[in-house]
Amino acid sequence: MDDITPAFPDSLLTALRTARHVTVFTGAGVSAESGVPTFRDAHTGLWARFDATALATPEAFEADPALVWGWYEWRRARVMRAAPNPAHVAIAALARHVPALSLITQNVDDLHERAGSASVIHLHGRLMQPRCFRCDTPWRYPVGIPEEPEEGRRIAPPDCPRCAGPIRPGVVWFGEPLPPEEWQRAVGAAAGCDLFITVGTSAMVYPAALLPEMAASQGAKVLQVNPQPTALDALADWNMLGTAGQVLPALVTAAFGEAFPTRA
Ligand code: BJW
Ligand code: ZN
């Protein structure tokens with residue numbers, strides 16, 4: 001097998017070893033190697049096959065709740081069958097090596113938590129925490145992993161036990177505000193860190209995409225981990241071109257000597 005261990009500049013390793021507060025900011029790319037599709041990657045991204053405006057807005061849910069609920073049930077079934085990958089594991093491990101680590105994710109899956117990360121800031125909500133579309137009452141899924149419905153299957157959402165309104169996925173759709181407490185925590189983590197690591201995001205969705213700029217403007221160094229160029233290339237002090245599952249475990253090993261199981 002080819003040696004794909006990336007080489008890291010000394011300046012990056014020093015920045016990581018001496019950082020007092022590291023903030024990690026993740027997007028869909030961190031879960032790609034777990035088999036969870038990204039949004040904007042050509043061919044494999046969700047938006048290559050589905051129309052965002054027909055699925056990820058409150059208007060879309062009002063117009064066709066069963067289409068939207070069915071799509072999220074398909075995604076929930078996939079996430080529940082997925083496992084954290086070496087990138088999630090390395091981020092959880094990094095928290096044990098630095099004095100303080102904040103983890104901000106745009107992802108609605110729970111793979112960071114399942115890898116052992118605590119206090120994850122979920123900017124775009126959580127797939128596993130649905131609530132009523134009308135009265136906001138939280139709703140619980142039945143226990144167990146659902147059958148994976150075929151793509152595009154309509155499934156009527158459950159009724160709210162309190163007001164009989166439709167239950168909606170617990171995610172933030174376009175045009176909706178981010179959860180205010182999570183946003184405030186994210187702004188604090190960006191402004192207060194000395195190293196900001198952005199992983200697997202195209203940085204095209206706002207206001208989340210402002211966070212790397214906020215960190216840089218407060219003096220933090222910025223590391224980007226992504227196999228493709230993004231809007232953040234010019235801002236980042238280091239661009240590690242590679243997948244999260246390759247780069248992050250190798251980085252933690254290079255900086256702190258913690259070894260990770262190699263993949264078959
Ligand atoms: C790998 C990899 C591997 C692949 N390893 N990497 C300013 C200007 C213009 C527009 C706006 C603006 N401010 C707000 C807006 C509107 C809008 C917006 O940003 N639109 C833009 C698209 C232009 N924003 C909003 O509407 C937000 N709300 C808002 O602003 O509210 C204001 C308000 C205030 C008060 C009252 C009312 C309103 C809400 C945004 C919500 C976004 N929601 C989604 C869907 C969530 C639910 C769901 O999951 O279905 O969140 S959209 C989607 O994009 C999802 C993601 O979290 C988000 C970001 O995507 P991400 O993670 O970057 O994924 P990709 O696919 O784009 O990129 C993947 C990357 O991984 C790529 O770079 C790959 O190369 C890389 N990769 N494999 C490492 N193995
Ligand atoms: Zn209700």
# chains A, B, ... in the order shown; residues from 1 in each chain; ligands from 1

$ residues_near_ligand --ligand "ligand 2" --cutoff "9 Å" --atoms "only C-alpha atoms and all ligand atoms" --output "MDAnalysis selection string"
chainID A and resid 131:138 159:167

$ residues_around --residues "Glu213 in chain A" --least-positions-apart "6" --cutoff "12 Å" --atoms "only C-alpha atoms" --output "number ranges by chain"
A: 187, 190-191, 196-198, 203, 206-207, 219-222, 231-237

$ residues_near_ligand --ligand "ligand 1" --cutoff "7 Å" --atoms "only C-alpha atoms and all ligand atoms" --output "ChimeraX atom specification"
/A:26-30,32-33,38-41,45,56,106-108,124,171-178,199-207,225-230,242-245

$ residues_around --residues "Arg76 in chain A" --least-positions-apart "2" --cutoff "9 Å" --atoms "only C-alpha atoms" --output "PyMOL selection string"
chain A and resi 71-74+78-81+109+127-128+145-146+148

$ residues_around --residues "range 110-122 of chain A" --least-positions-apart "5" --cutoff "6 Å" --atoms "only C-alpha atoms" --output "ChimeraX atom specification"
/A:84,88-89,92,103-105,182

$ atom_distance --atom1 "CA of Cys193 in chain A" --atom2 "CA of Val36 in chain A"
28.9 Å

$ select_by_dssp --residues "range 23-264 of chain A" --states "strand (DSSP E or B)" --output "NGL selection string"
:A and (23-26 or 100-105 or 121-122 or 125 or 131-132 or 138 or 159 or 166-168 or 171 or 195-199 or 221-225 or 238-240)

$ closest_residue --among "A:Ala82, A:Leu195, A:Leu223, A:Leu94" --to "Val252 in chain A" --atoms "only C-alpha atoms"
A:Leu94

$ closest_residue --among "A:Pro158, A:Pro86, A:Pro180, A:Pro6" --to "Leu251 in chain A" --atoms "only C-alpha atoms"
A:Pro6

$ select_by_dssp --residues "range 98-159 of chain A" --states "helix (DSSP H, G or I)" --output "mmCIF file with N, CA, C and O atoms, in the first residue's frame"
data_model
loop_
_atom_site.group_PDB
_atom_site.id
_atom_site.type_symbol
_atom_site.label_atom_id
_atom_site.label_comp_id
_atom_site.auth_asym_id
_atom_site.auth_seq_id
_atom_site.Cartn_x
_atom_site.Cartn_y
_atom_site.Cartn_z
ATOM 1 N N LEU A 111 -21.787 11.871 14.925
ATOM 2 C CA LEU A 111 -20.566 11.050 14.854
ATOM 3 C C LEU A 111 -19.441 11.601 15.727
ATOM 4 O O LEU A 111 -18.624 10.829 16.240
ATOM 5 N N HIS A 112 -19.387 12.924 15.930
ATOM 6 C CA HIS A 112 -18.380 13.453 16.867
ATOM 7 C C HIS A 112 -18.648 12.918 18.280
ATOM 8 O O HIS A 112 -17.737 12.488 18.979
ATOM 9 N N GLU A 113 -19.902 12.970 18.695
ATOM 10 C CA GLU A 113 -20.240 12.499 20.044
ATOM 11 C C GLU A 113 -19.924 11.010 20.171
ATOM 12 O O GLU A 113 -19.375 10.559 21.188
ATOM 13 N N ARG A 114 -20.266 10.249 19.122
ATOM 14 C CA ARG A 114 -20.025 8.805 19.207
ATOM 15 C C ARG A 114 -18.532 8.479 19.205
ATOM 16 O O ARG A 114 -18.121 7.410 19.652
ATOM 17 N N ALA A 115 -17.695 9.418 18.713
ATOM 18 C CA ALA A 115 -16.236 9.218 18.776
ATOM 19 C C ALA A 115 -15.674 9.642 20.122
ATOM 20 O O ALA A 115 -14.483 9.446 20.376
#

$ atom_distance --atom1 "CA of Ala66 in chain A" --atom2 "CA of Pro142 in chain A"
18.0 Å

$ residues_around --residues "Arg17 in chain A" --least-positions-apart "2" --cutoff "10 Å" --atoms "only C-alpha atoms" --output "ChimeraX atom specification"
/A:11-15,19-20,97-99,252,255-256

$ atom_distance --atom1 "CA of Asn239 in chain A" --atom2 "CA of Thr5 in chain A"
15.2 Å
